[in-house]
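Q: For reference, the file protein-v3.txt (compact mmCIF, C-alpha atoms and all ligand atoms) is included below:
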```txt
# COMPACT_ATOMS: atom_id res chain seq x y z
CA MET S 298 8.17 33.53 7.96
CA ALA S 299 9.10 31.31 10.92
CA GLU S 300 12.73 31.33 11.75
CA GLN S 301 14.75 28.30 10.68
CA THR S 302 15.93 26.62 13.85
CA VAL S 303 19.16 25.30 12.40
CA ASN S 304 21.93 24.59 14.87
CA LYS S 305 24.75 26.59 13.33
CA ASP S 306 27.45 24.84 15.37
CA ILE S 307 26.53 21.53 13.77
CA ALA S 308 25.56 22.67 10.27
CA LYS S 309 29.13 22.70 9.01
CA GLU S 310 30.64 21.03 5.98
CA GLU S 311 32.63 18.51 8.04
CA ASN S 312 29.41 17.23 9.68
CA LEU S 313 27.46 16.83 6.44
CA VAL S 314 25.76 13.43 6.21
CA PHE S 315 23.08 13.98 3.56
CA LYS S 316 22.50 16.41 0.77
CA LYS S 317 20.76 16.30 -2.59
CA THR S 318 22.91 14.46 -5.13
CA SER S 319 24.29 16.57 -7.96
CA VAL S 320 22.95 14.00 -10.45
CA LEU S 321 19.55 15.57 -9.71
CA THR S 322 19.32 18.97 -11.37
CA ASP S 323 18.25 22.06 -9.42
CA LYS S 324 14.88 22.23 -11.20
CA VAL S 325 11.86 21.94 -8.92
CA MET S 326 10.05 18.73 -9.82
CA HIS S 327 6.49 19.28 -11.04
CA TYR S 328 5.11 16.34 -9.06
CA CYS S 329 2.30 16.74 -6.56
CA PRO S 330 3.50 17.11 -2.94
CA GLY S 331 4.35 13.70 -1.48
CA CYS S 332 4.36 11.81 -4.80
CA GLY S 333 6.70 8.81 -4.85
CA HIS S 334 8.05 9.70 -8.30
CA GLY S 335 10.36 12.29 -6.69
CA THR S 336 11.82 9.79 -4.22
CA ALA S 337 12.29 7.18 -6.96
CA HIS S 338 14.09 9.74 -9.14
CA ARG S 339 16.35 10.68 -6.25
CA LEU S 340 17.34 7.07 -5.51
CA ILE S 341 18.19 6.40 -9.16
CA ALA S 342 20.26 9.60 -9.22
CA GLU S 343 22.06 8.66 -5.98
CA VAL S 344 22.95 5.21 -7.33
CA ILE S 345 24.25 6.75 -10.57
CA GLU S 346 26.41 9.09 -8.51
CA GLU S 347 27.70 6.33 -6.21
CA MET S 348 28.53 4.04 -9.15
CA ASN S 349 30.17 6.98 -10.88
CA ILE S 350 28.36 6.23 -14.16
CA GLN S 351 26.76 9.62 -14.85
CA SER S 352 28.42 9.96 -18.25
CA GLU S 353 27.79 6.31 -19.14
CA CYS S 354 24.06 6.28 -18.46
CA ILE S 355 21.24 6.65 -20.95
CA GLY S 356 17.70 6.82 -19.59
CA ILE S 357 14.46 6.42 -21.52
CA THR S 358 11.50 8.41 -20.23
CA PRO S 359 7.87 7.36 -20.57
CA VAL S 360 4.59 9.08 -21.20
CA GLY S 361 2.86 9.74 -17.89
CA CYS S 362 3.54 12.04 -14.98
CA SER S 363 7.26 11.28 -15.23
CA VAL S 364 7.41 12.33 -18.90
CA LEU S 365 9.64 15.27 -17.93
CA MET S 366 12.14 13.16 -15.97
CA TYR S 367 14.88 14.31 -18.35
CA ASN S 368 14.59 17.75 -16.74
CA TYR S 369 15.45 16.34 -13.33
CA LEU S 370 18.23 13.82 -13.94
CA ASP S 371 21.49 15.19 -15.22
CA VAL S 372 22.19 12.23 -17.52
CA ASP S 373 21.53 11.63 -21.22
CA MET S 374 17.89 10.80 -21.73
CA GLN S 375 15.61 10.09 -24.65
CA GLU S 376 11.83 10.36 -24.67
CA ALA S 377 9.92 7.35 -26.02
CA ALA S 378 6.42 7.15 -27.46
CA HIS S 379 3.87 5.92 -24.92
CA GLY S 380 4.78 2.39 -23.79
CA ARG S 381 7.68 2.00 -26.21
CA ALA S 382 10.52 2.67 -23.76
CA PRO S 383 11.76 -0.96 -23.63
CA ALA S 384 11.92 -1.06 -27.45
CA LEU S 385 13.89 2.18 -27.57
CA ALA S 386 16.13 0.99 -24.73
CA THR S 387 16.75 -2.21 -26.69
CA ALA S 388 17.97 -0.20 -29.67
CA VAL S 389 20.15 2.09 -27.57
CA LYS S 390 21.73 -0.77 -25.64
CA ARG S 391 22.40 -2.84 -28.76
CA LEU S 392 24.06 0.14 -30.44
CA MET S 393 26.01 1.13 -27.33
CA PRO S 394 26.43 -2.01 -25.22
CA GLU S 395 28.97 -0.32 -22.95
CA LYS S 396 26.34 2.17 -21.69
CA PHE S 397 24.05 1.65 -18.70
CA VAL S 398 20.58 1.87 -20.27
CA PHE S 399 17.40 2.13 -18.21
CA THR S 400 13.74 2.90 -18.68
CA TYR S 401 11.48 4.58 -16.13
CA GLN S 402 7.80 3.79 -16.66
CA GLY S 403 4.44 4.13 -14.94
CA ASP S 404 1.93 1.31 -14.83
CA GLY S 405 -0.20 2.83 -17.59
CA ASP S 406 2.88 3.08 -19.77
CA LEU S 407 4.42 -0.30 -18.93
CA ALA S 408 1.38 -2.49 -18.22
CA ALA S 409 -1.24 -1.11 -20.64
CA ILE S 410 -0.10 0.41 -23.92
CA GLY S 411 3.44 -0.95 -23.50
CA THR S 412 2.62 -4.53 -22.47
CA ALA S 413 4.00 -6.04 -25.67
CA GLU S 414 7.25 -4.05 -25.56
CA THR S 415 7.78 -4.93 -21.89
CA ILE S 416 7.15 -8.66 -22.28
CA HIS S 417 9.18 -9.06 -25.45
CA ALA S 418 12.17 -7.05 -24.19
CA ALA S 419 12.11 -9.21 -21.04
CA ASN S 420 11.69 -12.43 -22.99
CA ARG S 421 14.50 -11.53 -25.38
CA GLY S 422 16.68 -10.99 -22.33
CA GLU S 423 17.73 -7.48 -23.29
CA ASN S 424 20.54 -6.37 -21.05
CA ILE S 425 18.70 -3.30 -19.74
CA THR S 426 17.14 -2.10 -16.48
CA ILE S 427 13.45 -1.23 -16.14
CA PHE S 428 12.11 0.89 -13.29
CA PHE S 429 8.37 0.36 -13.03
CA ILE S 430 6.41 2.82 -10.88
CA ASN S 431 3.06 1.25 -10.02
CA ASN S 432 0.47 3.59 -8.54
CA GLY S 433 -2.52 1.62 -9.76
CA ILE S 434 -3.95 4.30 -12.06
CA TYR S 435 -3.18 6.71 -14.87
CA GLY S 436 -1.95 9.65 -12.80
CA MET S 437 -1.18 12.19 -15.48
CA THR S 438 -4.47 12.08 -17.34
CA GLY S 439 -6.76 12.26 -14.32
CA GLY S 440 -6.76 9.02 -12.39
CA GLN S 441 -8.34 6.63 -14.86
CA MET S 442 -8.42 2.87 -14.27
CA ALA S 443 -5.25 1.06 -15.34
CA PRO S 444 -4.62 -2.68 -15.81
CA THR S 445 -3.03 -2.52 -12.34
CA THR S 446 -6.08 -1.00 -10.60
CA LEU S 447 -7.07 -3.24 -7.67
CA PRO S 448 -10.40 -5.09 -7.55
CA ASN S 449 -13.03 -2.70 -6.13
CA MET S 450 -10.58 0.23 -6.27
CA LYS S 451 -12.18 3.53 -7.20
CA SER S 452 -10.79 5.50 -10.09
CA SER S 453 -12.23 8.24 -12.28
CA THR S 454 -13.40 5.61 -14.79
CA SER S 455 -14.48 3.08 -12.15
CA PRO S 456 -16.18 5.48 -9.71
CA TYR S 457 -17.98 2.61 -7.93
CA GLY S 458 -14.84 0.51 -7.76
CA ARG S 459 -13.32 -1.89 -10.29
CA ASP S 460 -15.86 -4.60 -10.94
CA VAL S 461 -13.70 -7.47 -12.15
CA LYS S 462 -16.68 -9.20 -13.76
CA MET S 463 -17.11 -6.29 -16.10
CA MET S 464 -13.66 -4.68 -16.16
CA GLY S 465 -11.41 -7.71 -15.91
CA ASN S 466 -8.69 -8.60 -13.45
CA PRO S 467 -5.68 -6.52 -12.48
CA LEU S 468 -2.46 -7.54 -14.20
CA LYS S 469 0.62 -8.44 -12.15
CA MET S 470 3.25 -7.58 -14.73
CA THR S 471 6.16 -8.14 -12.37
CA GLU S 472 5.09 -11.74 -11.57
CA LEU S 473 4.56 -12.34 -15.27
CA VAL S 474 7.93 -10.99 -16.33
CA ALA S 475 9.72 -12.96 -13.58
CA GLN S 476 8.58 -16.21 -15.27
CA LEU S 477 10.43 -15.36 -18.47
CA PRO S 478 13.87 -16.89 -19.01
CA GLY S 479 15.23 -13.56 -20.26
CA THR S 480 14.97 -11.84 -16.87
CA TYR S 481 17.84 -12.00 -14.39
CA TYR S 482 16.58 -9.90 -11.48
CA VAL S 483 12.97 -9.01 -10.68
CA THR S 484 11.97 -7.33 -7.44
CA ARG S 485 9.18 -5.25 -5.91
CA GLN S 486 9.99 -2.34 -3.62
CA ALA S 487 8.48 0.82 -2.09
CA VAL S 488 9.80 4.24 -1.07
CA HIS S 489 7.41 5.50 1.63
CA THR S 490 9.48 4.81 4.78
CA PRO S 491 13.20 5.24 5.53
CA LYS S 492 13.58 1.44 5.74
CA ASP S 493 11.90 0.87 2.38
CA VAL S 494 13.94 3.67 0.81
CA ARG S 495 17.17 1.98 1.92
CA LYS S 496 16.03 -1.38 0.53
CA ALA S 497 14.81 0.10 -2.74
CA LYS S 498 18.13 1.84 -3.24
CA LYS S 499 20.01 -1.45 -2.86
CA ALA S 500 17.69 -3.03 -5.43
CA ILE S 501 18.23 -0.14 -7.85
CA ARG S 502 21.99 -0.53 -7.47
CA LYS S 503 21.84 -4.27 -8.11
CA ALA S 504 19.65 -3.69 -11.16
CA PHE S 505 22.26 -1.32 -12.63
CA GLU S 506 25.23 -3.51 -11.71
CA ASN S 507 23.62 -6.51 -13.41
CA GLN S 508 24.16 -4.81 -16.77
CA LYS S 509 27.87 -5.53 -16.41
CA LEU S 510 27.12 -9.27 -16.18
CA GLU S 511 25.16 -9.37 -19.46
CA ARG S 512 22.79 -12.05 -18.22
CA GLY S 513 19.45 -10.46 -19.04
CA LEU S 514 16.93 -7.89 -18.00
CA SER S 515 16.49 -6.47 -14.50
CA LEU S 516 13.16 -5.00 -13.40
CA VAL S 517 12.51 -3.07 -10.20
CA GLU S 518 8.85 -2.36 -9.50
CA ILE S 519 8.21 0.43 -7.03
CA VAL S 520 4.70 0.45 -5.60
CA SER S 521 3.96 4.12 -5.07
CA ASN S 522 1.19 6.55 -4.25
CA CYS S 523 -0.75 8.80 -6.56
CA ASN S 524 -2.25 10.88 -3.80
CA SER S 525 -3.93 13.31 -6.19
CA GLY S 526 -5.50 10.57 -8.26
CA TRP S 527 -6.53 8.61 -5.19
CA LYS S 528 -7.93 11.85 -3.71
CA MET S 529 -6.09 11.55 -0.40
CA THR S 530 -3.40 13.43 1.48
CA PRO S 531 0.12 12.04 0.92
CA LEU S 532 0.13 10.41 4.36
CA GLN S 533 -3.32 8.87 3.91
CA ALA S 534 -2.29 7.67 0.47
CA ASN S 535 0.77 5.88 1.85
CA GLU S 536 -1.36 4.25 4.57
CA TRP S 537 -3.92 3.21 1.98
CA MET S 538 -1.12 1.83 -0.17
CA VAL S 539 0.21 -0.34 2.67
CA GLU S 540 -3.27 -1.63 3.54
CA ASN S 541 -4.55 -2.23 0.02
CA MET S 542 -1.75 -2.32 -2.55
CA PHE S 543 0.80 -4.36 -0.58
CA PRO S 544 -1.41 -7.45 -0.02
CA PHE S 545 -2.01 -7.63 -3.78
CA TYR S 546 1.49 -6.51 -4.80
CA PRO S 547 3.68 -8.05 -2.07
CA MET S 548 7.08 -6.52 -1.36
CA GLY S 549 10.32 -8.35 -2.02
CA ASP S 550 12.41 -10.20 -4.57
CA LEU S 551 10.75 -12.50 -7.12
CA LYS S 552 13.86 -13.52 -9.00
CA VAL S 553 17.51 -13.06 -8.02
CA ASP S 554 20.54 -13.96 -10.16
CA GLY S 555 18.29 -15.71 -12.64
CA GLU S 556 16.63 -17.95 -10.01
CA MET S 557 13.02 -17.66 -8.83
CA VAL S 558 12.82 -16.98 -5.10
CA LYS S 559 9.02 -16.75 -4.87
CA MET A 54 19.98 18.53 28.72
CA ALA A 55 20.44 16.01 25.93
CA LYS A 56 23.55 16.64 23.93
CA VAL A 57 22.59 18.00 20.54
CA LYS A 58 24.03 15.79 17.85
CA GLY A 59 22.34 16.64 14.60
CA THR A 60 20.58 19.33 12.65
CA ILE A 61 18.73 19.69 9.39
CA VAL A 62 18.43 22.52 6.89
CA VAL A 63 15.19 22.60 4.91
CA ASP A 64 15.20 24.45 1.62
CA ILE A 65 12.02 26.27 2.61
CA GLU A 66 11.14 27.66 -0.80
CA ARG A 67 11.37 24.21 -2.43
CA CYS A 68 9.52 22.34 0.32
CA LYS A 69 6.02 21.29 -0.77
CA GLY A 70 4.70 20.78 2.76
CA CYS A 71 3.72 17.22 1.88
CA GLY A 72 3.94 16.14 5.52
CA LEU A 73 5.91 12.94 4.91
CA CYS A 74 8.98 13.93 6.92
CA PRO A 75 7.45 14.65 10.38
CA PRO A 76 6.26 11.05 10.99
CA ALA A 77 9.53 9.66 9.58
CA CYS A 78 11.46 11.35 12.40
CA PRO A 79 11.97 9.02 15.36
CA THR A 80 12.44 11.90 17.81
CA ASN A 81 9.58 14.16 16.64
CA VAL A 82 11.81 17.02 15.62
CA ILE A 83 9.91 18.24 12.58
CA SER A 84 6.60 20.10 12.24
CA LEU A 85 4.97 21.95 9.39
CA ALA A 86 5.05 25.73 9.88
CA LYS A 87 1.90 27.78 10.32
CA GLU A 88 3.41 30.19 7.83
CA VAL A 89 3.65 29.39 4.15
CA ASN A 90 6.39 29.79 1.58
CA ALA A 91 6.02 31.81 -1.64
CA LYS A 92 4.17 28.90 -3.26
CA GLY A 93 1.72 28.66 -0.37
CA PHE A 94 3.06 25.47 1.18
CA HIS A 95 3.36 24.98 4.94
CA TYR A 96 7.03 24.16 4.91
CA ALA A 97 8.81 21.76 7.27
CA TYR A 98 11.02 23.08 10.07
CA MET A 99 12.63 21.81 13.27
CA ALA A 100 10.15 22.48 16.06
CA ASN A 101 12.34 20.54 18.54
CA PRO A 102 15.85 21.17 17.22
CA ASP A 103 17.58 19.83 20.33
CA GLU A 104 16.20 16.34 19.70
CA CYS A 105 17.75 15.91 16.27
CA THR A 106 20.23 13.02 16.09
CA GLY A 107 21.13 13.51 12.44
CA CYS A 108 19.72 10.06 11.59
CA VAL A 109 18.84 11.11 8.01
CA ASN A 110 15.37 9.44 8.04
CA CYS A 111 13.56 12.65 7.12
CA ALA A 112 15.81 13.24 4.14
CA LEU A 113 15.32 9.67 2.92
CA VAL A 114 11.55 10.06 2.56
CA CYS A 115 11.53 13.61 1.19
CA PRO A 116 10.37 13.34 -2.45
CA ASP A 117 11.84 16.72 -3.31
CA ALA A 118 15.31 16.24 -1.80
CA VAL A 119 15.06 19.53 0.08
CA ILE A 120 16.48 18.35 3.42
CA THR A 121 20.21 18.54 4.16
CA VAL A 122 21.39 16.70 7.28
CA TYR A 123 24.41 17.30 9.51
CA ARG A 124 25.63 15.08 12.33
CA LYS A 125 28.38 15.76 14.80
CA LYS A 126 30.91 12.96 14.72
CA ASN A 127 32.21 12.17 18.16
C1 LIG O 1 -0.53 7.09 -27.66
C2 LIG O 1 -1.05 7.73 -26.42
N1 LIG O 1 -2.18 7.25 -25.84
C3 LIG O 1 -2.68 7.82 -24.72
C4 LIG O 1 -2.06 8.91 -24.17
C5 LIG O 1 -2.64 9.54 -22.92
N2 LIG O 1 -1.88 9.25 -21.74
C6 LIG O 1 -0.95 10.09 -21.27
S1 LIG O 1 -0.25 9.58 -19.85
C7 LIG O 1 -1.22 8.19 -19.82
C8 LIG O 1 -1.12 7.17 -18.71
C9 LIG O 1 -0.10 7.46 -17.68
O1 LIG O 1 -0.22 6.60 -16.59
P1 LIG O 1 0.99 5.89 -15.90
O2 LIG O 1 1.88 5.28 -16.92
O3 LIG O 1 0.44 4.97 -14.88
O4 LIG O 1 1.86 7.06 -15.25
P2 LIG O 1 1.53 8.05 -14.04
O5 LIG O 1 1.05 9.28 -14.70
O6 LIG O 1 0.52 7.39 -13.16
O7 LIG O 1 2.85 8.22 -13.38
C10 LIG O 1 -2.07 8.15 -20.92
C11 LIG O 1 -3.05 7.08 -21.17
C12 LIG O 1 -0.89 9.39 -24.81
N3 LIG O 1 -0.22 10.44 -24.33
N4 LIG O 1 -0.42 8.80 -25.93
S1 LIG O 2 -0.90 12.92 -10.40
FE1 LIG O 2 -0.26 11.24 -9.08
S2 LIG O 2 1.51 10.27 -10.06
FE2 LIG O 2 1.20 12.30 -10.98
S3 LIG O 2 2.54 13.70 -9.81
FE3 LIG O 2 0.51 13.78 -8.87
S4 LIG O 2 0.55 12.23 -7.24
FE4 LIG O 2 2.29 11.81 -8.62
S1 LIG O 3 17.83 13.80 10.92
FE1 LIG O 3 16.63 12.24 12.04
S2 LIG O 3 16.35 13.13 14.06
FE2 LIG O 3 16.99 14.83 12.73
S3 LIG O 3 15.05 15.71 12.01
FE3 LIG O 3 15.66 14.21 10.49
S4 LIG O 3 14.60 12.33 11.09
FE4 LIG O 3 14.56 13.71 12.87
S1 LIG O 4 9.15 15.59 3.04
FE1 LIG O 4 10.27 17.26 1.99
S2 LIG O 4 8.73 18.32 0.77
FE2 LIG O 4 7.63 17.06 2.25
S3 LIG O 4 7.25 18.42 4.00
FE3 LIG O 4 9.17 17.35 4.44
S4 LIG O 4 10.78 18.70 3.63
FE4 LIG O 4 8.86 19.39 2.73
```
Could the structure of this file be written out as C-alpha cells, please?
A:
Amino acid sequence: MAEQTVNKDIAKEENLVFKKTSVLTDKVMHYCPGCGHGTAHRLIAEVIEEMNIQSECIGITPVGCSVLMYNYLDVDMQEAAHGRAPALATAVKRLMPEKFVFTYQGDGDLAAIGTAETIHAANRGENITIFFINNGIYGMTGGQMAPTTLPNMKSSTSPYGRDVKMMGNPLKMTELVAQLPGTYYVTRQAVHTPKDVRKAKKAIRKAFENQKLERGLSLVEIVSNCNSGWKMTPLQANEWMVENMFPFYPMGDLKVDGEMVK
Amino acid sequence: MAKVKGTIVVDIERCKGCGLCPPACPTNVISLAKEVNAKGFHYAYMANPDECTGCVNCALVCPDAVITVYRKKN
C-alpha cells in the first residue's frame, strides 16, 4: 500500500478546515463510486448540523437507490411507499408542525409513480422541503427510461434513444411545480464541482429555513449522474451531464420567496 | 520552495477511487494510487503534497466524505 503523504505538521486539530459531519453516520454508503447521491446526502447533513436541527428533523426516504438513506443520516427518518413521500411528509408535518420535515426522492419516485403526490403537496402549499435527485433514469432497477429521460437519450428500455414520437416527451417537474401557488422556493442545482456544491448547499439551507416562515413548499432539484446506468465513468458521466442534461434542465432559481424569477 | 499551507487525509479504506477529486484540485495535488484498498479501489492520495493549499475543493466533491482537510492559519 502506497504511503499516505500527509504533512504531519499541518494535520493538527487546530488547522482542521473540513471533516465529515457527524450528522452522517459512519456507515459506508452503498452507492456506486462517484454517484451524486452521496454528495447530496452530505450537503443535507451539513446543513442540518449547521442549523443545529438534528433532533428536530424528520426525513422521508423514497424507493430507488437512496431507499437506505436512513442508514446514512443520523436523524429520524421514515420510509415511504414508492412515490408517496410527499403524502407521508404532509401527514408528519401536519401532526408535528414544529419539526423540519423533508423528502428525498429520485426522478422515478417523484416524477413517475409519485407525480400526483408531488403536484398535490406542492399545490396545497404543504410547509415541507423536497429534495429531488434527477439522474434521468431509474438507477436502482437497471437504468430504465424515466419521465425525465432526455429526447434521444439511451436507457435500458430505450436502447436506441428515447423516441419522443413513440415514448412521449420528458417531464420538467420542477418547472411545473414552480407554477403552482403553493410553492415558495423552487430551484435547480448540481453537485459535481466545488462551485456547484457551494451553491447547492446554500439552496438546501434556504429550503430548510423556509419552513420557519410557513409560506409553502420548497423544492430543490439536484441534477445528478447515474454513471452506472449511463454506462460511463463518473468523470465522463459528469461531463455528459453538463453537455446534455444542463441545456434541458437549466441550473438556477425558478421561484424565490414566492415570486417567479424565470 | 513554496511554503506548504495545507494537507489532506484520505480515509483510504473508504475511498471508492471514483476519480472526482483529482480534477477538482486547482494545484494538481491528488492522484489515484496504483495500489488498491481492501475493496479493490485505486484510492486517492497526495502525489504532490507540497502544493496543497488546504482549499477544501477535493472534499467538497467527494461523494463519500472521506477527505479531511487541514490548513495552516497564518
Ligand atoms: C410500487 C413499486 N413499483 C415499482 C418498483 C420498482 N422500482 C424500484 S426503484 C424504481 C425507480 C427508481 O428510480 P429513481 O426514483 O429515479 O431513483 P434512482 O434509483 O435513480 O436514484 C422502481 C421503478 C417498486 N419498488 N415499487
Ligand atoms: S445505480 Fe446510479 S443512482 Fe444508483 S448508486 Fe449507482 S450511480 Fe447512483
Ligand atoms: S485541499 Fe485543495 S489544494 Fe489540497 S488537495 Fe484538496 S483540492 Fe487540492
Ligand atoms: S472523490 Fe472521494 S471517493 Fe472519489 S477518489 Fe476522491 S477521495 Fe476517493
Q: Please identify the residues whose atoms come within 9 Å of ligand LIG 2 (chain O), using only C-alpha atoms and all ligand atoms, and report them as a PyMOL selection string.
A: chain S and resi 327-335+361-363+403+430+432+434-440+521-527+531
Q: I need the chosen residues saved as an mmCIF file, keeping the file's coordinate frame, with C-alpha atoms.
A:
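Here's the written file part-v4.cif:
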```cif
data_model
loop_
_atom_site.group_PDB
_atom_site.id
_atom_site.type_symbol
_atom_site.label_atom_id
_atom_site.label_comp_id
_atom_site.auth_asym_id
_atom_site.auth_seq_id
_atom_site.Cartn_x
_atom_site.Cartn_y
_atom_site.Cartn_z
ATOM 1 C CA HIS S 327 6.490 19.280 -11.040
ATOM 2 C CA TYR S 328 5.110 16.340 -9.060
ATOM 3 C CA CYS S 329 2.300 16.740 -6.560
ATOM 4 C CA PRO S 330 3.500 17.110 -2.940
ATOM 5 C CA GLY S 331 4.350 13.700 -1.480
ATOM 6 C CA CYS S 332 4.360 11.810 -4.800
ATOM 7 C CA GLY S 333 6.700 8.810 -4.850
ATOM 8 C CA HIS S 334 8.050 9.700 -8.300
ATOM 9 C CA GLY S 335 10.360 12.290 -6.690
ATOM 10 C CA GLY S 361 2.860 9.740 -17.890
ATOM 11 C CA CYS S 362 3.540 12.040 -14.980
ATOM 12 C CA SER S 363 7.260 11.280 -15.230
ATOM 13 C CA GLY S 403 4.440 4.130 -14.940
ATOM 14 C CA ILE S 430 6.410 2.820 -10.880
ATOM 15 C CA ASN S 432 0.470 3.590 -8.540
ATOM 16 C CA ILE S 434 -3.950 4.300 -12.060
ATOM 17 C CA TYR S 435 -3.180 6.710 -14.870
ATOM 18 C CA GLY S 436 -1.950 9.650 -12.800
ATOM 19 C CA MET S 437 -1.180 12.190 -15.480
ATOM 20 C CA THR S 438 -4.470 12.080 -17.340
ATOM 21 C CA GLY S 439 -6.760 12.260 -14.320
ATOM 22 C CA GLY S 440 -6.760 9.020 -12.390
ATOM 23 C CA SER S 521 3.960 4.120 -5.070
ATOM 24 C CA ASN S 522 1.190 6.550 -4.250
ATOM 25 C CA CYS S 523 -0.750 8.800 -6.560
ATOM 26 C CA ASN S 524 -2.250 10.880 -3.800
ATOM 27 C CA SER S 525 -3.930 13.310 -6.190
ATOM 28 C CA GLY S 526 -5.500 10.570 -8.260
ATOM 29 C CA TRP S 527 -6.530 8.610 -5.190
ATOM 30 C CA PRO S 531 0.120 12.040 0.920
#
```
Q: Taking the point (4.1, 32.5, 9.0) as given in the file, collect each protein or nucleic acid residue that comes within 12 Å of it, counting all atoms listed in the file, and present the set as a list in words.
A: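 Using all atoms listed in the file, the matching residues come out as Met298, Ala299, Glu300 and Gln301 of chain S; Ile65, Leu85, Ala86, Lys87, Glu88, Val89, Asn90, Ala91, Gly93, Phe94, His95, Tyr96, Ala97 and Tyr98 of chain A.
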Q: Based on all atoms listed in the file, which of the residues in chain S come within 6 Å of chain A? I want them as number ranges by chain.
A: S: 298, 302, 304, 308, 312-317, 330-331, 335-336, 491
Q: Could you take the residues named above and write them with C-alpha atoms, as an mmCIF file, keeping the file's coordinate frame?
A:
```cif
data_model
loop_
_atom_site.group_PDB
_atom_site.id
_atom_site.type_symbol
_atom_site.label_atom_id
_atom_site.label_comp_id
_atom_site.auth_asym_id
_atom_site.auth_seq_id
_atom_site.Cartn_x
_atom_site.Cartn_y
_atom_site.Cartn_z
ATOM 1 C CA MET S 298 8.170 33.530 7.960
ATOM 2 C CA THR S 302 15.930 26.620 13.850
ATOM 3 C CA ASN S 304 21.930 24.590 14.870
ATOM 4 C CA ALA S 308 25.560 22.670 10.270
ATOM 5 C CA ASN S 312 29.410 17.230 9.680
ATOM 6 C CA LEU S 313 27.460 16.830 6.440
ATOM 7 C CA VAL S 314 25.760 13.430 6.210
ATOM 8 C CA PHE S 315 23.080 13.980 3.560
ATOM 9 C CA LYS S 316 22.500 16.410 0.770
ATOM 10 C CA LYS S 317 20.760 16.300 -2.590
ATOM 11 C CA PRO S 330 3.500 17.110 -2.940
ATOM 12 C CA GLY S 331 4.350 13.700 -1.480
ATOM 13 C CA GLY S 335 10.360 12.290 -6.690
ATOM 14 C CA THR S 336 11.820 9.790 -4.220
ATOM 15 C CA PRO S 491 13.200 5.240 5.530
#
```
Q: With 4 Å of padding per side, what axis-aligned box (centre and edge lengths, Å, one decimal) covers all the listed atoms of ligand LIG 1 (chain O)? Give it as AutoDock Vina command-line options.
A:
```
--center_x -0.1 --center_y 7.7 --center_z -20.4 --size_x 13.9 --size_y 13.5 --size_z 22.5
```
Q: Please indicate the distance in Å from atom CA of S:Ile427 to atom CA of S:Pro448, rounded to one decimal place.
A: 25.6 Å
Q: Could you give me, as a PyMOL selection string, the residues within 12 Å of S:Cys354, counting only C-alpha atoms and dropping anything in the same chain fewer than 4 positions from it?
A: chain S and resi 320+341-342+344-346+348-350+370-375+386+389-390+393-400+425-426+505-506+508
Q: Write the residues you've just listed into a file as a PDB file, in the coordinates of the input, and include C-alpha atoms for each of them.
A:
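Saved the output as out36.pdb:
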```
ATOM      1  CA  VAL S 320      22.950  14.000 -10.450  1.00  0.00           C
ATOM      2  CA  ILE S 341      18.190   6.400  -9.160  1.00  0.00           C
ATOM      3  CA  ALA S 342      20.260   9.600  -9.220  1.00  0.00           C
ATOM      4  CA  VAL S 344      22.950   5.210  -7.330  1.00  0.00           C
ATOM      5  CA  ILE S 345      24.250   6.750 -10.570  1.00  0.00           C
ATOM      6  CA  GLU S 346      26.410   9.090  -8.510  1.00  0.00           C
ATOM      7  CA  MET S 348      28.530   4.040  -9.150  1.00  0.00           C
ATOM      8  CA  ASN S 349      30.170   6.980 -10.880  1.00  0.00           C
ATOM      9  CA  ILE S 350      28.360   6.230 -14.160  1.00  0.00           C
ATOM     10  CA  LEU S 370      18.230  13.820 -13.940  1.00  0.00           C
ATOM     11  CA  ASP S 371      21.490  15.190 -15.220  1.00  0.00           C
ATOM     12  CA  VAL S 372      22.190  12.230 -17.520  1.00  0.00           C
ATOM     13  CA  ASP S 373      21.530  11.630 -21.220  1.00  0.00           C
ATOM     14  CA  MET S 374      17.890  10.800 -21.730  1.00  0.00           C
ATOM     15  CA  GLN S 375      15.610  10.090 -24.650  1.00  0.00           C
ATOM     16  CA  ALA S 386      16.130   0.990 -24.730  1.00  0.00           C
ATOM     17  CA  VAL S 389      20.150   2.090 -27.570  1.00  0.00           C
ATOM     18  CA  LYS S 390      21.730  -0.770 -25.640  1.00  0.00           C
ATOM     19  CA  MET S 393      26.010   1.130 -27.330  1.00  0.00           C
ATOM     20  CA  PRO S 394      26.430  -2.010 -25.220  1.00  0.00           C
ATOM     21  CA  GLU S 395      28.970  -0.320 -22.950  1.00  0.00           C
ATOM     22  CA  LYS S 396      26.340   2.170 -21.690  1.00  0.00           C
ATOM     23  CA  PHE S 397      24.050   1.650 -18.700  1.00  0.00           C
ATOM     24  CA  VAL S 398      20.580   1.870 -20.270  1.00  0.00           C
ATOM     25  CA  PHE S 399      17.400   2.130 -18.210  1.00  0.00           C
ATOM     26  CA  THR S 400      13.740   2.900 -18.680  1.00  0.00           C
ATOM     27  CA  ILE S 425      18.700  -3.300 -19.740  1.00  0.00           C
ATOM     28  CA  THR S 426      17.140  -2.100 -16.480  1.00  0.00           C
ATOM     29  CA  PHE S 505      22.260  -1.320 -12.630  1.00  0.00           C
ATOM     30  CA  GLU S 506      25.230  -3.510 -11.710  1.00  0.00           C
ATOM     31  CA  GLN S 508      24.160  -4.810 -16.770  1.00  0.00           C
TER      32      GLN S 508
END
```
Q: Any idea what the distance is between atom CA of S:Val364 and atom CA of S:Glu536?
A: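 These two atoms are separated by 26.3 Å.
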Q: Could you jot down the atom CA of S:Tyr457 to atom CA of S:Asn535 separation for me, Å, one decimal place?
A: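 That distance, rounded to one decimal, is 21.4 Å.
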Q: Tell me which of S:Thr490, S:Leu365, S:Lys498, S:Met464 sits closest to ligand LIG 3 (chain O), counting all atoms listed in the file.
A: S:Thr490
Q: Smallest atom-to-atom distance to S:Gln402: which of S:Thr415, S:Thr358, S:Thr322, S:Asn541, using only C-alpha atoms?
A: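 With only C-alpha atoms as the atom set, the closest residue is S:Thr358.
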Q: Extract, using all atoms listed in the file, all DNA, RNA and protein residues at most 7 Å from S:Gly433, discarding same-chain residues fewer than 2 positions from it, and format them as a list in words.
A: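 Within the cut-off, the hits are Asp404, Asn431, Ala443, Thr445, Thr446 and Leu447 of chain S.
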Q: Find, counting only C-alpha atoms, the residue in S:Arg381, S:Met463, S:Asn424, S:Tyr401 that gets nearest to S:Lys509.
A: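 Among the listed residues, S:Asn424 lies closest to S:Lys509.
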Q: Can you list every residue of stretch 369-471 of chain S that has an atom at most 9 Å from stretch 479-489 of chain S, with its nearest atom pair and the distance in Å to one decimal, using all atoms listed in the file, ordered by chain then number, as a Markdown table?
A:
```
| residue | atom | partner | partner_atom | distance |
| --- | --- | --- | --- | --- |
| S:Ala418 | CA | S:Gly479 | CA | 8.2 |
| S:Ala419 | CA | S:Gly479 | CA | 5.4 |
| S:Asn420 | CA | S:Gly479 | CA | 4.6 |
| S:Arg421 | CA | S:Gly479 | CA | 5.6 |
| S:Gly422 | CA | S:Gly479 | CA | 3.6 |
| S:Glu423 | CA | S:Gly479 | CA | 7.2 |
| S:Asn424 | CA | S:Thr480 | CA | 8.9 |
| S:Thr471 | CA | S:Val483 | CA | 7.1 |
```
